[in-house]
file query.pdb (PDB, N, CA and C atoms)
ATOM      1  N   MET C   1      13.341  -6.751  27.103
ATOM      2  CA  MET C   1      11.968  -7.116  27.335
ATOM      3  C   MET C   1      11.169  -6.866  26.053
ATOM      4  N   VAL C   2      10.367  -7.840  25.656
ATOM      5  CA  VAL C   2       9.500  -7.704  24.489
ATOM      6  C   VAL C   2       8.181  -7.121  24.949
ATOM      7  N   ARG C   3       7.780  -6.049  24.319
ATOM      8  CA  ARG C   3       6.525  -5.402  24.690
ATOM      9  C   ARG C   3       5.477  -5.683  23.619
ATOM     10  N   SER C   4       4.249  -5.737  24.045
ATOM     11  CA  SER C   4       3.142  -5.985  23.141
ATOM     12  C   SER C   4       2.371  -4.700  22.881
ATOM     13  N   ARG C   5       1.949  -4.522  21.644
ATOM     14  CA  ARG C   5       1.097  -3.390  21.291
ATOM     15  C   ARG C   5      -0.201  -3.965  20.742
ATOM     16  N   PRO C   6      -1.213  -4.160  21.581
ATOM     17  CA  PRO C   6      -2.446  -4.809  21.136
ATOM     18  C   PRO C   6      -3.184  -4.058  20.031
ATOM     19  N   THR C   7      -2.859  -2.789  19.821
ATOM     20  CA  THR C   7      -3.499  -2.042  18.748
ATOM     21  C   THR C   7      -2.801  -2.270  17.408
ATOM     22  N   CYS C   8      -1.674  -2.971  17.409
ATOM     23  CA  CYS C   8      -0.915  -3.244  16.180
ATOM     24  C   CYS C   8      -1.241  -4.649  15.666
ATOM     25  N   ILE C   9      -2.391  -4.757  15.060
ATOM     26  CA  ILE C   9      -2.843  -6.045  14.545
ATOM     27  C   ILE C   9      -2.192  -6.299  13.189
ATOM     28  N   VAL C  10      -1.693  -7.522  12.991
ATOM     29  CA  VAL C  10      -1.099  -7.920  11.715
ATOM     30  C   VAL C  10      -1.980  -9.010  11.119
ATOM     31  N   GLY C  11      -2.367  -8.831   9.859
ATOM     32  CA  GLY C  11      -3.160  -9.829   9.142
ATOM     33  C   GLY C  11      -2.398 -10.327   7.934
ATOM     34  N   VAL C  12      -2.446 -11.650   7.705
ATOM     35  CA  VAL C  12      -1.766 -12.262   6.566
ATOM     36  C   VAL C  12      -2.771 -13.133   5.815
ATOM     37  N   VAL C  13      -2.862 -12.939   4.507
ATOM     38  CA  VAL C  13      -3.701 -13.766   3.644
ATOM     39  C   VAL C  13      -2.810 -14.312   2.545
ATOM     40  N   GLN C  14      -2.860 -15.634   2.339
ATOM     41  CA  GLN C  14      -2.082 -16.265   1.276
ATOM     42  C   GLN C  14      -3.044 -17.020   0.362
ATOM     43  N   TRP C  15      -2.825 -16.911  -0.941
ATOM     44  CA  TRP C  15      -3.635 -17.679  -1.868
ATOM     45  C   TRP C  15      -2.788 -18.087  -3.060
ATOM     46  N   GLN C  16      -3.086 -19.289  -3.562
ATOM     47  CA  GLN C  16      -2.389 -19.798  -4.734
ATOM     48  C   GLN C  16      -3.214 -20.929  -5.343
ATOM     49  N   HIS C  17      -3.104 -21.086  -6.645
ATOM     50  CA  HIS C  17      -3.756 -22.169  -7.357
ATOM     51  C   HIS C  17      -2.695 -23.203  -7.702
ATOM     52  N   GLY C  18      -3.122 -24.433  -7.965
ATOM     53  CA  GLY C  18      -2.160 -25.451  -8.329
ATOM     54  C   GLY C  18      -2.798 -26.819  -8.416
ATOM     55  N   THR C  19      -1.982 -27.827  -8.239
ATOM     56  CA  THR C  19      -2.432 -29.213  -8.287
ATOM     57  C   THR C  19      -2.111 -29.869  -6.951
ATOM     58  N   TYR C  20      -2.579 -31.099  -6.789
ATOM     59  CA  TYR C  20      -2.265 -31.846  -5.574
ATOM     60  C   TYR C  20      -1.860 -33.260  -5.941
ATOM     61  N   THR C  21      -1.103 -33.880  -5.058
ATOM     62  CA  THR C  21      -0.669 -35.259  -5.230
ATOM     63  C   THR C  21      -1.099 -36.047  -4.000
ATOM     64  N   LEU C  22      -1.807 -37.162  -4.228
ATOM     65  CA  LEU C  22      -2.147 -38.074  -3.133
ATOM     66  C   LEU C  22      -0.999 -39.066  -3.017
ATOM     67  N   ASN C  23      -0.245 -38.979  -1.950
ATOM     68  CA  ASN C  23       0.948 -39.795  -1.770
ATOM     69  C   ASN C  23       0.605 -41.191  -1.256
ATOM     70  N   SER C  24       1.498 -42.157  -1.510
ATOM     71  CA  SER C  24       1.253 -43.555  -1.152
ATOM     72  C   SER C  24       1.124 -43.777   0.354
ATOM     73  N   ASN C  25       1.654 -42.862   1.167
ATOM     74  CA  ASN C  25       1.567 -43.007   2.625
ATOM     75  C   ASN C  25       0.306 -42.342   3.202
ATOM     76  N   GLY C  26      -0.599 -41.857   2.322
ATOM     77  CA  GLY C  26      -1.840 -41.244   2.787
ATOM     78  C   GLY C  26      -1.767 -39.731   2.956
ATOM     79  N   SER C  27      -0.595 -39.159   2.800
ATOM     80  CA  SER C  27      -0.453 -37.705   2.911
ATOM     81  C   SER C  27      -0.864 -37.052   1.586
ATOM     82  N   ILE C  28      -0.966 -35.739   1.597
ATOM     83  CA  ILE C  28      -1.299 -34.978   0.398
ATOM     84  C   ILE C  28      -0.283 -33.842   0.248
ATOM     85  N   THR C  29       0.185 -33.643  -0.984
ATOM     86  CA  THR C  29       1.118 -32.565  -1.281
ATOM     87  C   THR C  29       0.426 -31.557  -2.180
ATOM     88  N   LEU C  30       0.471 -30.280  -1.794
ATOM     89  CA  LEU C  30      -0.080 -29.203  -2.601
ATOM     90  C   LEU C  30       1.046 -28.600  -3.420
ATOM     91  N   ASN C  31       0.883 -28.602  -4.747
ATOM     92  CA  ASN C  31       1.910 -28.139  -5.683
ATOM     93  C   ASN C  31       1.406 -26.884  -6.388
ATOM     94  N   PRO C  32       1.871 -25.714  -6.005
ATOM     95  CA  PRO C  32       1.345 -24.470  -6.587
ATOM     96  C   PRO C  32       1.869 -24.190  -7.984
ATOM     97  N   PHE C  33       1.093 -23.381  -8.729
ATOM     98  CA  PHE C  33       1.587 -22.788  -9.963
ATOM     99  C   PHE C  33       2.414 -21.584  -9.515
ATOM    100  N   ALA C  34       3.712 -21.636  -9.717
ATOM    101  CA  ALA C  34       4.643 -20.661  -9.138
ATOM    102  C   ALA C  34       4.275 -19.194  -9.352
ATOM    103  N   PRO C  35       3.950 -18.746 -10.570
ATOM    104  CA  PRO C  35       3.709 -17.306 -10.736
ATOM    105  C   PRO C  35       2.338 -16.845 -10.248
ATOM    106  N   ASP C  36       1.504 -17.770  -9.801
ATOM    107  CA  ASP C  36       0.117 -17.449  -9.485
ATOM    108  C   ASP C  36      -0.115 -16.980  -8.048
ATOM    109  N   GLY C  37       0.666 -17.466  -7.098
ATOM    110  CA  GLY C  37       0.397 -17.207  -5.684
ATOM    111  C   GLY C  37       0.697 -15.786  -5.241
ATOM    112  N   ARG C  38      -0.059 -15.358  -4.244
ATOM    113  CA  ARG C  38       0.142 -14.031  -3.660
ATOM    114  C   ARG C  38       0.024 -14.120  -2.143
ATOM    115  N   GLN C  39       0.687 -13.200  -1.483
ATOM    116  CA  GLN C  39       0.602 -13.051  -0.032
ATOM    117  C   GLN C  39       0.367 -11.574   0.269
ATOM    118  N   GLN C  40      -0.666 -11.325   1.063
ATOM    119  CA  GLN C  40      -0.972  -9.950   1.460
ATOM    120  C   GLN C  40      -0.751  -9.826   2.953
ATOM    121  N   VAL C  41       0.039  -8.831   3.343
ATOM    122  CA  VAL C  41       0.320  -8.577   4.755
ATOM    123  C   VAL C  41      -0.144  -7.163   5.084
ATOM    124  N   GLN C  42      -0.982  -7.060   6.084
ATOM    125  CA  GLN C  42      -1.417  -5.750   6.566
ATOM    126  C   GLN C  42      -0.949  -5.606   8.004
ATOM    127  N   ASP C  43      -0.173  -4.560   8.249
ATOM    128  CA  ASP C  43       0.380  -4.284   9.575
ATOM    129  C   ASP C  43       0.088  -2.820   9.874
ATOM    130  N   MET C  44      -0.861  -2.585  10.731
ATOM    131  CA  MET C  44      -1.328  -1.227  10.998
ATOM    132  C   MET C  44      -0.256  -0.322  11.600
ATOM    133  N   CYS C  45       0.797  -0.889  12.179
ATOM    134  CA  CYS C  45       1.831  -0.074  12.813
ATOM    135  C   CYS C  45       3.132  -0.023  12.007
ATOM    136  N   ALA C  46       3.135  -0.618  10.823
ATOM    137  CA  ALA C  46       4.339  -0.595   9.987
ATOM    138  C   ALA C  46       4.367   0.663   9.128
ATOM    139  N   ALA C  47       5.549   0.999   8.633
ATOM    140  CA  ALA C  47       5.692   2.174   7.770
ATOM    141  C   ALA C  47       4.860   2.008   6.502
ATOM    142  N   LYS C  48       4.823   0.794   5.970
ATOM    143  CA  LYS C  48       3.984   0.470   4.811
ATOM    144  C   LYS C  48       3.022  -0.607   5.282
ATOM    145  N   SER C  49       1.732  -0.291   5.331
ATOM    146  CA  SER C  49       0.797  -1.169   6.051
ATOM    147  C   SER C  49       0.077  -2.194   5.194
ATOM    148  N   ASN C  50       0.212  -2.165   3.870
ATOM    149  CA  ASN C  50      -0.474  -3.135   3.025
ATOM    150  C   ASN C  50       0.449  -3.548   1.895
ATOM    151  N   ILE C  51       1.019  -4.749   2.014
ATOM    152  CA  ILE C  51       1.986  -5.241   1.036
ATOM    153  C   ILE C  51       1.428  -6.492   0.386
ATOM    154  N   ILE C  52       1.460  -6.543  -0.952
ATOM    155  CA  ILE C  52       1.085  -7.741  -1.693
ATOM    156  C   ILE C  52       2.307  -8.179  -2.483
ATOM    157  N   GLN C  53       2.682  -9.444  -2.324
ATOM    158  CA  GLN C  53       3.867  -9.956  -3.005
ATOM    159  C   GLN C  53       3.605 -11.365  -3.511
ATOM    160  N   GLN C  54       4.440 -11.836  -4.442
ATOM    161  CA  GLN C  54       4.299 -13.197  -4.947
ATOM    162  C   GLN C  54       4.570 -14.201  -3.835
ATOM    163  N   PHE C  55       3.886 -15.349  -3.928
ATOM    164  CA  PHE C  55       4.000 -16.389  -2.909
ATOM    165  C   PHE C  55       4.001 -17.728  -3.617
ATOM    166  N   ASN C  56       4.927 -18.609  -3.266
ATOM    167  CA  ASN C  56       5.033 -19.926  -3.884
ATOM    168  C   ASN C  56       5.573 -20.898  -2.840
ATOM    169  N   GLN C  57       4.713 -21.771  -2.316
ATOM    170  CA  GLN C  57       5.152 -22.697  -1.282
ATOM    171  C   GLN C  57       4.488 -24.053  -1.475
ATOM    172  N   THR C  58       5.287 -25.072  -1.772
ATOM    173  CA  THR C  58       4.790 -26.441  -1.806
ATOM    174  C   THR C  58       4.555 -26.881  -0.371
ATOM    175  N   THR C  59       3.423 -27.547  -0.125
ATOM    176  CA  THR C  59       3.059 -27.892   1.249
ATOM    177  C   THR C  59       2.671 -29.362   1.340
ATOM    178  N   LEU C  60       3.184 -30.049   2.352
ATOM    179  CA  LEU C  60       2.857 -31.443   2.632
ATOM    180  C   LEU C  60       1.981 -31.502   3.875
ATOM    181  N   PHE C  61       0.834 -32.166   3.754
ATOM    182  CA  PHE C  61      -0.039 -32.414   4.904
ATOM    183  C   PHE C  61      -0.054 -33.915   5.159
ATOM    184  N   ALA C  62       0.460 -34.333   6.310
ATOM    185  CA  ALA C  62       0.501 -35.748   6.653
ATOM    186  C   ALA C  62      -0.888 -36.280   6.998
ATOM    187  N   ASN C  63      -1.763 -35.405   7.491
ATOM    188  CA  ASN C  63      -3.088 -35.827   7.923
ATOM    189  C   ASN C  63      -4.138 -34.896   7.334
ATOM    190  N   TRP C  64      -5.177 -35.462   6.753
ATOM    191  CA  TRP C  64      -6.271 -34.690   6.162
ATOM    192  C   TRP C  64      -7.478 -35.611   6.001
ATOM    193  N   ASN C  65      -8.655 -35.015   5.894
ATOM    194  CA  ASN C  65      -9.891 -35.777   5.713
ATOM    195  C   ASN C  65     -10.872 -34.977   4.876
ATOM    196  N   ILE C  66     -11.776 -35.689   4.213
ATOM    197  CA  ILE C  66     -12.912 -35.060   3.539
ATOM    198  C   ILE C  66     -14.162 -35.595   4.211
ATOM    199  N   TYR C  67     -15.014 -34.692   4.659
ATOM    200  CA  TYR C  67     -16.255 -35.048   5.336
ATOM    201  C   TYR C  67     -17.449 -34.549   4.532
ATOM    202  N   GLN C  68     -18.597 -35.197   4.738
ATOM    203  CA  GLN C  68     -19.863 -34.705   4.178
ATOM    204  C   GLN C  68     -20.592 -34.002   5.315
ATOM    205  N   ASP C  69     -20.578 -32.673   5.292
ATOM    206  CA  ASP C  69     -21.281 -31.879   6.293
ATOM    207  C   ASP C  69     -22.761 -31.846   5.921
ATOM    208  N   THR C  70     -23.644 -32.075   6.883
ATOM    209  CA  THR C  70     -25.073 -32.187   6.580
ATOM    210  C   THR C  70     -25.699 -30.886   6.114
ATOM    211  N   THR C  71     -25.121 -29.753   6.457
ATOM    212  CA  THR C  71     -25.704 -28.480   6.037
ATOM    213  C   THR C  71     -24.878 -27.748   4.983
ATOM    214  N   ARG C  72     -23.559 -27.957   4.960
ATOM    215  CA  ARG C  72     -22.714 -27.176   4.049
ATOM    216  C   ARG C  72     -22.071 -27.994   2.941
ATOM    217  N   GLY C  73     -22.296 -29.289   2.904
ATOM    218  CA  GLY C  73     -21.725 -30.133   1.846
ATOM    219  C   GLY C  73     -20.342 -30.642   2.189
ATOM    220  N   TYR C  74     -19.526 -30.861   1.155
ATOM    221  CA  TYR C  74     -18.200 -31.446   1.368
ATOM    222  C   TYR C  74     -17.266 -30.463   2.068
ATOM    223  N   LYS C  75     -16.517 -31.024   3.037
ATOM    224  CA  LYS C  75     -15.589 -30.223   3.829
ATOM    225  C   LYS C  75     -14.215 -30.879   3.793
ATOM    226  N   LEU C  76     -13.201 -30.112   3.417
ATOM    227  CA  LEU C  76     -11.815 -30.568   3.465
ATOM    228  C   LEU C  76     -11.213 -30.081   4.766
ATOM    229  N   GLN C  77     -10.729 -31.030   5.569
ATOM    230  CA  GLN C  77     -10.094 -30.687   6.836
ATOM    231  C   GLN C  77      -8.622 -31.050   6.762
ATOM    232  N   LEU C  78      -7.757 -30.043   6.829
ATOM    233  CA  LEU C  78      -6.313 -30.241   6.850
ATOM    234  C   LEU C  78      -5.822 -30.045   8.278
ATOM    235  N   TYR C  79      -4.712 -30.721   8.614
ATOM    236  CA  TYR C  79      -4.165 -30.645   9.968
ATOM    237  C   TYR C  79      -2.715 -30.182   9.922
ATOM    238  N   ARG C  80      -2.341 -29.349  10.874
ATOM    239  CA  ARG C  80      -0.964 -28.879  10.995
ATOM    240  C   ARG C  80      -0.039 -30.033  11.354
ATOM    241  N   PHE C  81       1.254 -29.769  11.337
ATOM    242  CA  PHE C  81       2.266 -30.776  11.669
ATOM    243  C   PHE C  81       2.080 -31.344  13.065
ATOM    244  N   ASP C  82       1.509 -30.543  13.980
ATOM    245  CA  ASP C  82       1.327 -30.994  15.362
ATOM    246  C   ASP C  82      -0.051 -31.612  15.604
ATOM    247  N   GLY C  83      -0.838 -31.803  14.530
ATOM    248  CA  GLY C  83      -2.150 -32.421  14.648
ATOM    249  C   GLY C  83      -3.301 -31.454  14.854
ATOM    250  N   ALA C  84      -3.013 -30.179  15.039
ATOM    251  CA  ALA C  84      -4.070 -29.182  15.237
ATOM    252  C   ALA C  84      -4.793 -28.935  13.916
ATOM    253  N   PRO C  85      -6.124 -28.876  13.930
ATOM    254  CA  PRO C  85      -6.852 -28.644  12.684
ATOM    255  C   PRO C  85      -6.719 -27.204  12.194
ATOM    256  N   LEU C  86      -6.601 -27.043  10.888
ATOM    257  CA  LEU C  86      -6.661 -25.725  10.268
ATOM    258  C   LEU C  86      -8.135 -25.389  10.027
ATOM    259  N   SER C  87      -8.424 -24.176   9.626
ATOM    260  CA  SER C  87      -9.799 -23.814   9.310
ATOM    261  C   SER C  87     -10.298 -24.698   8.170
ATOM    262  N   PRO C  88     -11.512 -25.229   8.277
ATOM    263  CA  PRO C  88     -12.012 -26.120   7.226
ATOM    264  C   PRO C  88     -12.293 -25.353   5.937
ATOM    265  N   MET C  89     -12.245 -26.076   4.828
ATOM    266  CA  MET C  89     -12.576 -25.509   3.519
ATOM    267  C   MET C  89     -13.763 -26.280   2.962
ATOM    268  N   TYR C  90     -14.780 -25.556   2.512
ATOM    269  CA  TYR C  90     -15.989 -26.165   1.998
ATOM    270  C   TYR C  90     -16.048 -26.036   0.476
ATOM    271  N   GLN C  91     -16.545 -27.072  -0.167
ATOM    272  CA  GLN C  91     -16.712 -27.038  -1.618
ATOM    273  C   GLN C  91     -17.879 -26.106  -1.958
ATOM    274  N   VAL C  92     -17.612 -25.136  -2.816
ATOM    275  CA  VAL C  92     -18.664 -24.189  -3.185
ATOM    276  C   VAL C  92     -19.124 -24.393  -4.638
ATOM    277  N   SER C  93     -18.379 -25.165  -5.424
ATOM    278  CA  SER C  93     -18.756 -25.419  -6.811
ATOM    279  C   SER C  93     -18.173 -26.746  -7.250
ATOM    280  N   THR C  94     -18.851 -27.423  -8.163
ATOM    281  CA  THR C  94     -18.329 -28.663  -8.726
ATOM    282  C   THR C  94     -17.674 -28.430 -10.072
ATOM    283  N   THR C  95     -17.710 -27.187 -10.568
ATOM    284  CA  THR C  95     -17.057 -26.863 -11.838
ATOM    285  C   THR C  95     -15.772 -26.097 -11.560
ATOM    286  N   PRO C  96     -14.805 -26.217 -12.452
ATOM    287  CA  PRO C  96     -13.544 -25.504 -12.242
ATOM    288  C   PRO C  96     -13.683 -24.005 -12.286
TER     289      PRO C  96
END
call {"tool": "encode", "arguments": {"input": "query.pdb", "output": "structure tokens"}}
result
Amino acid sequence: MVRSRPTCIVGVVQWQHGTYTLNSNGSITLNPFAPDGRQQVQDMCAAKSNIIQQFNQTTLFANWNIYQDTTRGYKLQLYRFDGAPLSPMYQVSTTP
């Protein structure tokens, strides 16, 4: 039997910089700079509760859109493989 411990919250944050490719079928591929990415895992019930390690994952999104939000500006909406939307990303600067 698998038991749940609701006080054992696990948080994962991943970040990486890179380039993107707009594919001919309308999908988008995210191409990371390999040494740049990181993944942070915090597990309050693990022996070591805060781990930061290198992260490098090329990702293909078959469905995505860019919208003009009336209050927050440009919004990038990516969708999971099953069509569920991921958290939106808003443009915060026009300079690199």
call {"tool": "closest_residue", "arguments": {"input": "query.pdb", "among": "C:Pro35, C:Gly26, C:Gly18, C:Gly11", "to": "Trp64 in chain C", "atoms": "only N, CA and C atoms"}}
result
C:Gly26
call {"tool": "atom_distance", "arguments": {"input": "query.pdb", "atom1": "CA of Ala84 in chain C", "atom2": "CA of Asn63 in chain C"}}
result
9.9 Å
call {"tool": "resolve_selection", "arguments": {"input": "query.pdb", "expression": "the PyMOL selection byres ((chain C and resi 58) around 6)", "output": "list of chain:residue names"}}
result
C:Leu30, C:Asn31, C:Pro32, C:Asn56, C:Gln57, C:Thr59, C:Leu60
call {"tool": "atom_distance", "arguments": {"input": "query.pdb", "atom1": "CA of Met44 in chain C", "atom2": "CA of Gln14 in chain C"}}
result
17.9 Å
call {"tool": "atom_distance", "arguments": {"input": "query.pdb", "atom1": "CA of Gln53 in chain C", "atom2": "atom N of Val41 in chain C"}}
result
7.5 Å
call {"tool": "closest_residue", "arguments": {"input": "query.pdb", "among": "C:Ser49, C:Gln91, C:Gln54, C:Thr29", "to": "Gly73 in chain C", "atoms": "only N, CA and C atoms"}}
result
C:Gln91
call {"tool": "select_by_dssp", "arguments": {"input": "query.pdb", "residues": "chain C", "states": "strand (DSSP E)", "output": "PyMOL selection string"}}
result
chain C and resi 10-15+18-22+28-32+38-43+50-54+59-61+64-69+73-78+89-90
call {"tool": "closest_residue", "arguments": {"input": "query.pdb", "among": "C:Thr95, C:Ser4, C:Gln39, C:Ser27", "to": "Phe61 in chain C", "atoms": "only N, CA and C atoms"}}
result
C:Ser27
call {"tool": "closest_residue", "arguments": {"input": "query.pdb", "among": "C:Asn65, C:Thr71, C:Val13, C:Ile51", "to": "Pro88 in chain C", "atoms": "only C-alpha atoms"}}
result
C:Asn65
call {"tool": "residues_around", "arguments": {"input": "query.pdb", "residues": "Cys8 in chain C", "least_positions_apart": "5", "cutoff": "8 Å", "atoms": "all atoms listed in the file", "output": "PDB file with N, CA and C atoms, in the frame of the given file"}}
result
ATOM      1  N   GLN C  42      -0.982  -7.060   6.084  1.00  0.00           N
ATOM      2  CA  GLN C  42      -1.417  -5.750   6.566  1.00  0.00           C
ATOM      3  C   GLN C  42      -0.949  -5.606   8.004  1.00  0.00           C
ATOM      4  N   ASP C  43      -0.173  -4.560   8.249  1.00  0.00           N
ATOM      5  CA  ASP C  43       0.380  -4.284   9.575  1.00  0.00           C
ATOM      6  C   ASP C  43       0.088  -2.820   9.874  1.00  0.00           C
ATOM      7  N   MET C  44      -0.861  -2.585  10.731  1.00  0.00           N
ATOM      8  CA  MET C  44      -1.328  -1.227  10.998  1.00  0.00           C
ATOM      9  C   MET C  44      -0.256  -0.322  11.600  1.00  0.00           C
ATOM     10  N   CYS C  45       0.797  -0.889  12.179  1.00  0.00           N
ATOM     11  CA  CYS C  45       1.831  -0.074  12.813  1.00  0.00           C
ATOM     12  C   CYS C  45       3.132  -0.023  12.007  1.00  0.00           C
ATOM     13  N   ALA C  46       3.135  -0.618  10.823  1.00  0.00           N
ATOM     14  CA  ALA C  46       4.339  -0.595   9.987  1.00  0.00           C
ATOM     15  C   ALA C  46       4.367   0.663   9.128  1.00  0.00           C
TER      16      ALA C  46
END
